[in-house]
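> Take a look at start_1.cif, mmCIF, N, CA and C atoms:
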```cif
data_my_file
#
loop_
_atom_site.label_atom_id
_atom_site.label_comp_id
_atom_site.auth_asym_id
_atom_site.auth_seq_id
_atom_site.Cartn_x
_atom_site.Cartn_y
_atom_site.Cartn_z
N LEU A 1 -137.01 -173.67 41.47
CA LEU A 1 -136.17 -173.11 42.53
C LEU A 1 -136.92 -173.13 43.87
N ARG A 2 -138.21 -172.82 43.82
CA ARG A 2 -139.00 -172.82 45.05
C ARG A 2 -139.07 -174.22 45.66
N GLN A 3 -139.24 -175.23 44.82
CA GLN A 3 -139.28 -176.60 45.31
C GLN A 3 -137.96 -177.00 45.95
N TYR A 4 -136.87 -176.56 45.35
CA TYR A 4 -135.55 -176.87 45.90
C TYR A 4 -135.38 -176.22 47.27
N GLU A 5 -135.82 -174.97 47.41
CA GLU A 5 -135.73 -174.28 48.69
C GLU A 5 -136.60 -174.96 49.74
N GLU A 6 -137.78 -175.42 49.36
CA GLU A 6 -138.64 -176.17 50.28
C GLU A 6 -137.97 -177.48 50.68
N TYR A 7 -137.34 -178.12 49.73
CA TYR A 7 -136.61 -179.35 50.01
C TYR A 7 -135.51 -179.10 51.03
N LEU A 8 -134.75 -178.01 50.86
CA LEU A 8 -133.67 -177.68 51.79
C LEU A 8 -134.21 -177.43 53.19
N VAL A 9 -135.31 -176.72 53.29
CA VAL A 9 -135.92 -176.46 54.59
C VAL A 9 -136.31 -177.79 55.24
N ASN A 10 -136.91 -178.67 54.48
CA ASN A 10 -137.31 -179.97 54.99
C ASN A 10 -136.10 -180.79 55.45
N VAL A 11 -135.04 -180.79 54.68
CA VAL A 11 -133.84 -181.54 55.03
C VAL A 11 -133.23 -180.98 56.31
N ARG A 12 -133.15 -179.65 56.40
CA ARG A 12 -132.60 -179.02 57.60
C ARG A 12 -133.39 -179.42 58.83
N GLN A 13 -134.69 -179.44 58.71
CA GLN A 13 -135.53 -179.78 59.85
C GLN A 13 -135.40 -181.24 60.25
N ASN A 14 -135.11 -182.09 59.29
CA ASN A 14 -135.05 -183.53 59.56
C ASN A 14 -133.64 -184.11 59.59
N CYS A 15 -132.62 -183.26 59.55
CA CYS A 15 -131.26 -183.79 59.47
C CYS A 15 -130.75 -184.31 60.80
N SER A 16 -131.44 -184.03 61.87
CA SER A 16 -131.03 -184.53 63.18
C SER A 16 -131.36 -186.00 63.28
N THR A 17 -130.48 -186.76 63.90
CA THR A 17 -130.72 -188.19 64.09
C THR A 17 -131.37 -188.46 65.45
N SER A 18 -131.68 -187.41 66.16
CA SER A 18 -132.28 -187.53 67.48
C SER A 18 -133.71 -188.04 67.36
N VAL A 19 -134.15 -188.80 68.36
CA VAL A 19 -135.52 -189.29 68.36
C VAL A 19 -136.43 -188.38 69.18
N THR A 20 -135.90 -187.28 69.69
CA THR A 20 -136.71 -186.35 70.45
C THR A 20 -137.54 -185.49 69.50
N SER A 21 -138.63 -185.01 70.01
CA SER A 21 -139.51 -184.17 69.19
C SER A 21 -138.86 -182.81 68.97
N PRO A 22 -139.28 -182.10 67.92
CA PRO A 22 -138.73 -180.76 67.68
C PRO A 22 -138.94 -179.83 68.87
N GLU A 23 -140.09 -179.96 69.55
CA GLU A 23 -140.36 -179.11 70.71
C GLU A 23 -139.38 -179.42 71.85
N THR A 24 -139.10 -180.69 72.08
CA THR A 24 -138.14 -181.07 73.12
C THR A 24 -136.75 -180.57 72.78
N ARG A 25 -136.35 -180.70 71.50
CA ARG A 25 -135.03 -180.20 71.09
C ARG A 25 -134.94 -178.70 71.30
N LYS A 26 -136.02 -177.99 70.98
CA LYS A 26 -136.05 -176.54 71.16
C LYS A 26 -135.91 -176.19 72.64
N ASN A 27 -136.66 -176.88 73.49
CA ASN A 27 -136.57 -176.63 74.94
C ASN A 27 -135.18 -176.95 75.48
N ASN A 28 -134.59 -178.05 75.03
CA ASN A 28 -133.25 -178.41 75.46
C ASN A 28 -132.23 -177.38 75.02
N LEU A 29 -132.40 -176.87 73.81
CA LEU A 29 -131.49 -175.86 73.30
C LEU A 29 -131.58 -174.59 74.14
N LEU A 30 -132.80 -174.19 74.46
CA LEU A 30 -132.99 -172.99 75.27
C LEU A 30 -132.43 -173.16 76.68
N LYS A 31 -132.45 -174.39 77.18
CA LYS A 31 -131.94 -174.66 78.53
C LYS A 31 -130.46 -175.02 78.52
N GLY A 32 -129.84 -175.05 77.34
CA GLY A 32 -128.42 -175.39 77.25
C GLY A 32 -128.13 -176.86 77.47
N LYS A 33 -129.09 -177.72 77.18
CA LYS A 33 -128.94 -179.15 77.43
C LYS A 33 -128.61 -179.96 76.17
N THR A 34 -128.14 -179.31 75.14
CA THR A 34 -127.86 -180.05 73.92
C THR A 34 -126.47 -180.66 73.98
N LYS A 35 -126.30 -181.76 73.29
CA LYS A 35 -125.00 -182.41 73.20
C LYS A 35 -124.46 -182.22 71.79
N ASN A 36 -123.23 -181.78 71.71
CA ASN A 36 -122.59 -181.61 70.42
C ASN A 36 -121.70 -182.84 70.20
N VAL A 37 -122.20 -183.79 69.47
CA VAL A 37 -121.47 -185.04 69.23
C VAL A 37 -120.38 -184.79 68.20
N THR A 38 -119.17 -185.25 68.50
CA THR A 38 -118.05 -185.09 67.60
C THR A 38 -117.58 -186.47 67.14
N ALA A 39 -117.40 -186.60 65.83
CA ALA A 39 -116.87 -187.84 65.27
C ALA A 39 -115.43 -187.58 64.85
N LYS A 40 -114.55 -188.51 65.17
CA LYS A 40 -113.13 -188.36 64.83
C LYS A 40 -112.74 -189.42 63.81
N PHE A 41 -112.03 -188.97 62.77
CA PHE A 41 -111.59 -189.87 61.71
C PHE A 41 -110.13 -189.60 61.38
N SER A 42 -109.43 -190.64 61.03
CA SER A 42 -108.06 -190.46 60.54
C SER A 42 -108.10 -190.19 59.04
N HIS A 43 -107.04 -189.57 58.55
CA HIS A 43 -106.93 -189.31 57.11
C HIS A 43 -106.99 -190.64 56.36
N THR A 44 -106.29 -191.62 56.87
CA THR A 44 -106.23 -192.95 56.23
C THR A 44 -107.63 -193.57 56.15
N GLN A 45 -108.42 -193.45 57.21
CA GLN A 45 -109.77 -194.03 57.22
C GLN A 45 -110.66 -193.33 56.21
N LEU A 46 -110.57 -191.99 56.13
CA LEU A 46 -111.41 -191.27 55.17
C LEU A 46 -111.01 -191.58 53.73
N GLU A 47 -109.74 -191.84 53.50
CA GLU A 47 -109.31 -192.27 52.16
C GLU A 47 -109.87 -193.66 51.85
N LYS A 48 -109.77 -194.54 52.82
CA LYS A 48 -110.25 -195.91 52.64
C LYS A 48 -111.75 -195.94 52.37
N ASP A 49 -112.50 -195.03 53.03
CA ASP A 49 -113.95 -194.96 52.87
C ASP A 49 -114.38 -194.19 51.62
N GLY A 50 -113.42 -193.61 50.90
CA GLY A 50 -113.73 -192.88 49.68
C GLY A 50 -114.19 -191.45 49.90
N VAL A 51 -114.05 -190.94 51.13
CA VAL A 51 -114.41 -189.55 51.41
C VAL A 51 -113.33 -188.63 50.87
N ILE A 52 -112.08 -189.00 51.11
CA ILE A 52 -110.94 -188.27 50.54
C ILE A 52 -110.47 -189.05 49.32
N ILE A 53 -110.56 -188.41 48.17
CA ILE A 53 -110.15 -189.07 46.93
C ILE A 53 -108.70 -188.76 46.63
N SER A 54 -108.31 -187.51 46.85
CA SER A 54 -106.91 -187.12 46.68
C SER A 54 -106.62 -185.99 47.65
N SER A 55 -105.35 -185.87 48.02
CA SER A 55 -104.96 -184.79 48.92
C SER A 55 -103.49 -184.47 48.69
N ASP A 56 -103.11 -183.29 49.18
CA ASP A 56 -101.73 -182.86 49.06
C ASP A 56 -100.88 -183.30 50.25
N VAL A 57 -101.46 -184.05 51.17
CA VAL A 57 -100.72 -184.51 52.35
C VAL A 57 -99.74 -185.61 51.91
N PRO A 58 -98.43 -185.45 52.24
CA PRO A 58 -97.46 -186.49 51.90
C PRO A 58 -97.82 -187.81 52.58
N ASP A 59 -97.55 -188.91 51.89
CA ASP A 59 -97.90 -190.24 52.41
C ASP A 59 -97.36 -190.49 53.81
N ASP A 60 -96.14 -190.03 54.10
CA ASP A 60 -95.55 -190.29 55.40
C ASP A 60 -96.17 -189.45 56.52
N LYS A 61 -96.98 -188.46 56.18
CA LYS A 61 -97.63 -187.60 57.18
C LYS A 61 -99.10 -187.98 57.41
N LYS A 62 -99.69 -188.75 56.51
CA LYS A 62 -101.11 -189.07 56.59
C LYS A 62 -101.49 -189.78 57.89
N VAL A 63 -100.58 -190.57 58.43
CA VAL A 63 -100.87 -191.31 59.66
C VAL A 63 -101.18 -190.38 60.82
N GLY A 64 -100.55 -189.21 60.86
CA GLY A 64 -100.75 -188.28 61.97
C GLY A 64 -101.88 -187.30 61.79
N VAL A 65 -102.52 -187.29 60.62
CA VAL A 65 -103.59 -186.32 60.35
C VAL A 65 -104.94 -186.90 60.79
N SER A 66 -105.70 -186.09 61.54
CA SER A 66 -107.03 -186.52 61.94
C SER A 66 -108.03 -185.38 61.76
N PHE A 67 -109.29 -185.76 61.64
CA PHE A 67 -110.38 -184.83 61.42
C PHE A 67 -111.43 -185.06 62.50
N LYS A 68 -111.85 -183.99 63.15
CA LYS A 68 -112.96 -184.06 64.10
C LYS A 68 -114.11 -183.29 63.46
N ILE A 69 -115.22 -183.99 63.27
CA ILE A 69 -116.38 -183.40 62.61
C ILE A 69 -117.52 -183.30 63.61
N SER A 70 -118.05 -182.08 63.75
CA SER A 70 -119.15 -181.86 64.67
C SER A 70 -120.20 -180.99 63.98
N SER A 71 -121.35 -180.90 64.59
CA SER A 71 -122.43 -180.07 64.06
C SER A 71 -122.89 -179.12 65.16
N PRO A 72 -122.27 -177.94 65.24
CA PRO A 72 -122.62 -177.01 66.31
C PRO A 72 -124.02 -176.42 66.17
N ALA A 73 -124.56 -176.44 64.97
CA ALA A 73 -125.91 -175.93 64.72
C ALA A 73 -126.53 -176.72 63.59
N SER A 74 -127.83 -176.70 63.52
CA SER A 74 -128.52 -177.42 62.46
C SER A 74 -128.09 -176.89 61.10
N GLY A 75 -127.70 -177.81 60.22
CA GLY A 75 -127.29 -177.41 58.87
C GLY A 75 -125.87 -176.90 58.78
N GLN A 76 -125.09 -177.06 59.85
CA GLN A 76 -123.72 -176.55 59.86
C GLN A 76 -122.79 -177.65 60.39
N PHE A 77 -121.65 -177.79 59.73
CA PHE A 77 -120.65 -178.76 60.15
C PHE A 77 -119.33 -178.06 60.37
N GLN A 78 -118.67 -178.42 61.45
CA GLN A 78 -117.35 -177.87 61.73
C GLN A 78 -116.34 -179.01 61.64
N VAL A 79 -115.30 -178.80 60.86
CA VAL A 79 -114.25 -179.80 60.68
C VAL A 79 -112.96 -179.23 61.26
N ASP A 80 -112.46 -179.88 62.30
CA ASP A 80 -111.18 -179.49 62.90
C ASP A 80 -110.12 -180.47 62.41
N VAL A 81 -109.09 -179.93 61.78
CA VAL A 81 -108.01 -180.74 61.23
C VAL A 81 -106.81 -180.62 62.16
N SER A 82 -106.22 -181.76 62.51
CA SER A 82 -105.04 -181.72 63.37
C SER A 82 -103.97 -182.69 62.87
N TYR A 83 -102.75 -182.39 63.26
CA TYR A 83 -101.61 -183.26 62.93
C TYR A 83 -100.91 -183.58 64.23
N LYS A 84 -100.91 -184.85 64.57
CA LYS A 84 -100.33 -185.32 65.84
C LYS A 84 -100.85 -184.50 67.01
N HIS A 85 -102.16 -184.35 67.08
CA HIS A 85 -102.89 -183.67 68.15
C HIS A 85 -102.66 -182.17 68.21
N LYS A 86 -102.04 -181.59 67.18
CA LYS A 86 -101.86 -180.15 67.12
C LYS A 86 -102.82 -179.60 66.06
N ALA A 87 -103.63 -178.62 66.47
CA ALA A 87 -104.63 -178.05 65.56
C ALA A 87 -103.96 -177.37 64.37
N ILE A 88 -104.46 -177.67 63.18
CA ILE A 88 -103.93 -177.08 61.95
C ILE A 88 -104.93 -176.09 61.37
N ALA A 89 -106.19 -176.51 61.27
CA ALA A 89 -107.20 -175.66 60.65
C ALA A 89 -108.59 -176.05 61.13
N THR A 90 -109.50 -175.10 61.01
CA THR A 90 -110.91 -175.35 61.26
C THR A 90 -111.68 -174.85 60.05
N ILE A 91 -112.55 -175.71 59.56
CA ILE A 91 -113.36 -175.37 58.39
C ILE A 91 -114.83 -175.50 58.80
N THR A 92 -115.62 -174.50 58.46
CA THR A 92 -117.06 -174.56 58.71
C THR A 92 -117.77 -174.72 57.37
N LEU A 93 -118.60 -175.74 57.31
CA LEU A 93 -119.32 -176.05 56.08
C LEU A 93 -120.82 -175.95 56.34
N GLN A 94 -121.52 -175.34 55.41
CA GLN A 94 -122.97 -175.25 55.48
C GLN A 94 -123.57 -176.39 54.67
N PHE A 95 -124.59 -177.03 55.22
CA PHE A 95 -125.23 -178.15 54.56
C PHE A 95 -125.75 -177.75 53.18
N ASP A 96 -126.34 -176.54 53.09
CA ASP A 96 -126.84 -176.03 51.80
C ASP A 96 -125.73 -175.99 50.76
N GLU A 97 -124.57 -175.50 51.17
CA GLU A 97 -123.45 -175.38 50.24
C GLU A 97 -122.96 -176.76 49.80
N LEU A 98 -122.95 -177.71 50.72
CA LEU A 98 -122.54 -179.07 50.35
C LEU A 98 -123.52 -179.69 49.35
N LEU A 99 -124.82 -179.47 49.57
CA LEU A 99 -125.81 -179.98 48.62
C LEU A 99 -125.65 -179.34 47.25
N GLU A 100 -125.38 -178.04 47.25
CA GLU A 100 -125.20 -177.33 45.99
C GLU A 100 -123.95 -177.82 45.27
N ARG A 101 -122.87 -178.04 46.03
CA ARG A 101 -121.64 -178.58 45.42
C ARG A 101 -121.91 -179.95 44.80
N GLN A 102 -122.65 -180.78 45.52
CA GLN A 102 -122.97 -182.11 45.01
C GLN A 102 -123.80 -181.99 43.73
N HIS A 103 -124.78 -181.11 43.76
CA HIS A 103 -125.64 -180.91 42.59
C HIS A 103 -124.83 -180.45 41.38
N ASN A 104 -123.84 -179.59 41.61
CA ASN A 104 -123.00 -179.06 40.53
C ASN A 104 -121.80 -179.95 40.22
N ASN A 105 -121.76 -181.13 40.86
CA ASN A 105 -120.66 -182.08 40.67
C ASN A 105 -119.31 -181.46 41.00
N ASN A 106 -119.28 -180.59 41.99
CA ASN A 106 -118.05 -179.97 42.46
C ASN A 106 -117.56 -180.77 43.67
N THR A 107 -116.64 -181.69 43.44
CA THR A 107 -116.22 -182.61 44.50
C THR A 107 -114.93 -182.20 45.17
N VAL A 108 -114.37 -181.07 44.79
CA VAL A 108 -113.08 -180.63 45.36
C VAL A 108 -113.34 -179.58 46.43
N LEU A 109 -112.83 -179.83 47.62
CA LEU A 109 -112.93 -178.89 48.73
C LEU A 109 -111.52 -178.50 49.13
N GLU A 110 -111.23 -177.22 49.03
CA GLU A 110 -109.88 -176.77 49.35
C GLU A 110 -109.87 -175.96 50.62
#
```
Is it possible to express this structure as C-alpha coordinates?

Amino acid sequence: LRQYEEYLVNVRQNCSTSVTSPETRKNNLLKGKTKNVTAKFSHTQLEKDGVIISSDVPDDKKVGVSFKISSPASGQFQVDVSYKHKAIATITLQFDELLERQHNNNTVLE
(Lines of atoms letter the chains of each structure in order from A and count residues from 1; the text may use other names and numbers.)
(Lines give C-alpha, C1' and ligand atoms only; values in the text may rest on other atoms or scores of the structure.)
Protein backbone atom coordinates (compact mmCIF):
# COMPACT_ATOMS: atom_id res chain seq x y z
CA LEU A 1 0.00 0.00 0.00
CA ARG A 2 2.86 2.37 0.81
CA GLN A 3 4.46 1.75 -2.58
CA TYR A 4 1.15 2.46 -4.30
CA GLU A 5 0.80 5.75 -2.41
CA GLU A 6 4.36 6.71 -3.38
CA TYR A 7 3.54 5.84 -6.97
CA LEU A 8 0.46 8.11 -6.86
CA VAL A 9 2.50 10.99 -5.47
CA ASN A 10 5.06 10.51 -8.23
CA VAL A 11 2.37 10.38 -10.94
CA ARG A 12 0.69 13.51 -9.59
CA GLN A 13 3.97 15.37 -9.64
CA ASN A 14 4.77 14.26 -13.18
CA CYS A 15 1.32 14.32 -14.78
CA SER A 16 1.85 17.77 -16.25
CA THR A 17 2.95 17.84 -19.87
CA SER A 18 4.62 21.21 -19.36
CA VAL A 19 8.35 21.49 -19.95
CA THR A 20 8.72 24.13 -17.24
CA SER A 21 10.40 23.25 -13.99
CA PRO A 22 8.31 22.59 -10.87
CA GLU A 23 9.66 25.83 -9.36
CA THR A 24 8.58 27.85 -12.42
CA ARG A 25 5.12 26.23 -12.37
CA LYS A 26 4.82 27.08 -8.68
CA ASN A 27 5.83 30.70 -9.29
CA ASN A 28 3.42 30.99 -12.23
CA LEU A 29 0.63 29.55 -10.13
CA LEU A 30 1.30 32.04 -7.34
CA LYS A 31 1.32 34.89 -9.88
CA GLY A 32 -1.87 33.66 -11.58
CA LYS A 33 -0.07 32.96 -14.85
CA THR A 34 -1.23 29.40 -15.39
CA LYS A 35 -3.16 28.32 -18.45
CA ASN A 36 -6.04 25.92 -18.06
CA VAL A 37 -6.07 24.05 -21.36
CA THR A 38 -9.44 22.63 -22.34
CA ALA A 39 -9.89 19.81 -24.83
CA LYS A 40 -13.25 19.47 -26.58
CA PHE A 41 -14.57 16.17 -27.92
CA SER A 42 -17.80 15.09 -29.52
CA HIS A 43 -19.70 12.07 -28.22
CA THR A 44 -19.21 10.43 -31.62
CA GLN A 45 -15.43 10.96 -31.51
CA LEU A 46 -15.12 9.51 -28.00
CA GLU A 47 -17.12 6.46 -29.10
CA LYS A 48 -14.93 6.05 -32.17
CA ASP A 49 -11.78 6.29 -30.00
CA GLY A 50 -13.12 3.68 -27.56
CA VAL A 51 -13.41 6.07 -24.61
CA ILE A 52 -17.19 5.70 -24.55
CA ILE A 53 -18.12 2.06 -24.87
CA SER A 54 -21.84 2.42 -24.23
CA SER A 55 -24.17 5.23 -23.25
CA ASP A 56 -27.81 5.98 -22.69
CA VAL A 57 -27.75 8.86 -25.20
CA PRO A 58 -30.16 8.15 -28.11
CA ASP A 59 -28.39 7.77 -31.45
CA ASP A 60 -30.17 10.80 -32.94
CA LYS A 61 -28.93 13.02 -30.06
CA LYS A 62 -25.26 11.93 -30.02
CA VAL A 63 -24.31 14.42 -32.74
CA GLY A 64 -25.16 17.36 -30.47
CA VAL A 65 -23.41 16.08 -27.34
CA SER A 66 -19.93 17.40 -26.57
CA PHE A 67 -17.47 17.09 -23.71
CA LYS A 68 -14.98 19.74 -22.58
CA ILE A 69 -12.23 18.26 -20.45
CA SER A 70 -9.91 20.46 -18.43
CA SER A 71 -7.56 20.09 -15.49
CA PRO A 72 -8.14 22.97 -13.07
CA ALA A 73 -5.67 21.49 -10.57
CA SER A 74 -3.02 18.82 -10.55
CA GLY A 75 -4.64 15.40 -10.30
CA GLN A 76 -8.12 16.74 -11.01
CA PHE A 77 -10.18 16.69 -14.20
CA GLN A 78 -13.34 18.61 -14.89
CA VAL A 79 -15.70 17.31 -17.57
CA ASP A 80 -18.36 19.70 -18.84
CA VAL A 81 -21.11 17.96 -20.81
CA SER A 82 -23.25 19.98 -23.20
CA TYR A 83 -25.96 19.39 -25.76
CA LYS A 84 -26.06 21.81 -28.67
CA HIS A 85 -23.95 24.30 -26.68
CA LYS A 86 -26.26 24.16 -23.65
CA ALA A 87 -24.61 22.96 -20.42
CA ILE A 88 -26.07 19.70 -19.10
CA ALA A 89 -23.68 18.60 -16.36
CA THR A 90 -20.26 19.06 -14.85
CA ILE A 91 -18.35 16.14 -13.42
CA THR A 92 -15.15 16.43 -11.40
CA LEU A 93 -12.87 13.42 -11.43
CA GLN A 94 -9.84 12.82 -9.25
CA PHE A 95 -6.86 11.14 -10.90
CA ASP A 96 -6.45 8.85 -7.85
CA GLU A 97 -10.04 7.67 -8.19
CA LEU A 98 -9.60 6.98 -11.90
CA LEU A 99 -6.47 4.92 -11.21
CA GLU A 100 -8.30 3.00 -8.51
CA ARG A 101 -11.25 2.35 -10.83
CA GLN A 102 -8.85 1.08 -13.49
CA HIS A 103 -7.10 -1.15 -10.96
CA ASN A 104 -10.47 -2.59 -9.83
CA ASN A 105 -11.58 -3.01 -13.47
CA ASN A 106 -14.50 -0.65 -12.85
CA THR A 107 -15.02 0.83 -16.30
CA VAL A 108 -18.51 2.29 -15.81
CA LEU A 109 -18.81 5.96 -14.93
CA GLU A 110 -22.29 7.21 -14.22
> Using the chain letters and numbers from the file, which residues does the PyMOL selection byres ((chain A and resi 55-71) around 7) grab, as a list of chain:residue names?
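Residues picked by the PyMOL selection byres ((chain A and resi 55-71) around 7): A:Asn36, A:Val37, A:Thr38, A:Ala39, A:Lys40, A:Phe41, A:Ser42, A:His43, A:Thr44, A:Ile52, A:Ile53, A:Ser54, A:Pro72, A:Ala73, A:Ser74, A:Gly75, A:Gln76, A:Phe77, A:Gln78, A:Val79, A:Asp80, A:Val81, A:Ser82, A:Tyr83, A:Lys84, A:His85.
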> In Å, with one decimal, what is the gap from CA of Tyr7 in chain A to CA of Ile91 in chain A?
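About the pair CA of Tyr7 in chain A and CA of Ile91 in chain A: they are 25.0 Å apart.
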> Between CA of Asn104 in chain A and CA of Ile88 in chain A, what distance in Å does the model show, to one decimal?
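Atom-to-atom, CA of Asn104 in chain A to CA of Ile88 in chain A, that is 28.7 Å.
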> Quick one: distance from atom N of Leu109 in chain A to atom N of Gln45 in chain A in Å, one decimal?
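Interatomic distance, atom N of Leu109 in chain A to atom N of Gln45 in chain A: 17.2 Å.
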> Where atoms are missing, can you supply N, CA, C and O atoms for range 98-109 of chain A and output the lot as a tab-separated table (two decimals), in the coordinates of the input?

```
chain	number	residue	atom	x	y	z
A	98	LEU	N	-122.95	-177.71	50.72
A	98	LEU	CA	-122.54	-179.07	50.35
A	98	LEU	C	-123.52	-179.69	49.35
A	98	LEU	O	-123.10	-180.35	48.40
A	99	LEU	N	-124.82	-179.47	49.57
A	99	LEU	CA	-125.81	-179.98	48.62
A	99	LEU	C	-125.65	-179.34	47.25
A	99	LEU	O	-125.75	-180.00	46.22
A	100	GLU	N	-125.38	-178.04	47.25
A	100	GLU	CA	-125.20	-177.33	45.99
A	100	GLU	C	-123.95	-177.82	45.27
A	100	GLU	O	-123.97	-178.03	44.05
A	101	ARG	N	-122.87	-178.04	46.03
A	101	ARG	CA	-121.64	-178.58	45.42
A	101	ARG	C	-121.91	-179.95	44.80
A	101	ARG	O	-121.44	-180.25	43.72
A	102	GLN	N	-122.65	-180.78	45.52
A	102	GLN	CA	-122.97	-182.11	45.01
A	102	GLN	C	-123.80	-181.99	43.73
A	102	GLN	O	-123.54	-182.69	42.76
A	103	HIS	N	-124.78	-181.11	43.76
A	103	HIS	CA	-125.64	-180.91	42.59
A	103	HIS	C	-124.83	-180.45	41.38
A	103	HIS	O	-125.09	-180.85	40.24
A	104	ASN	N	-123.84	-179.59	41.61
A	104	ASN	CA	-123.00	-179.06	40.53
A	104	ASN	C	-121.80	-179.95	40.22
A	104	ASN	O	-120.93	-179.57	39.43
A	105	ASN	N	-121.76	-181.13	40.86
A	105	ASN	CA	-120.66	-182.08	40.67
A	105	ASN	C	-119.31	-181.46	41.00
A	105	ASN	O	-118.31	-181.76	40.36
A	106	ASN	N	-119.28	-180.59	41.99
A	106	ASN	CA	-118.05	-179.97	42.46
A	106	ASN	C	-117.56	-180.77	43.67
A	106	ASN	O	-118.03	-180.56	44.79
A	107	THR	N	-116.64	-181.69	43.44
A	107	THR	CA	-116.22	-182.61	44.50
A	107	THR	C	-114.93	-182.20	45.17
A	107	THR	O	-114.46	-182.89	46.07
A	108	VAL	N	-114.37	-181.07	44.79
A	108	VAL	CA	-113.08	-180.63	45.36
A	108	VAL	C	-113.34	-179.58	46.43
A	108	VAL	O	-114.01	-178.58	46.19
A	109	LEU	N	-112.83	-179.83	47.62
A	109	LEU	CA	-112.93	-178.89	48.73
A	109	LEU	C	-111.52	-178.50	49.13
A	109	LEU	O	-110.71	-179.35	49.49
```
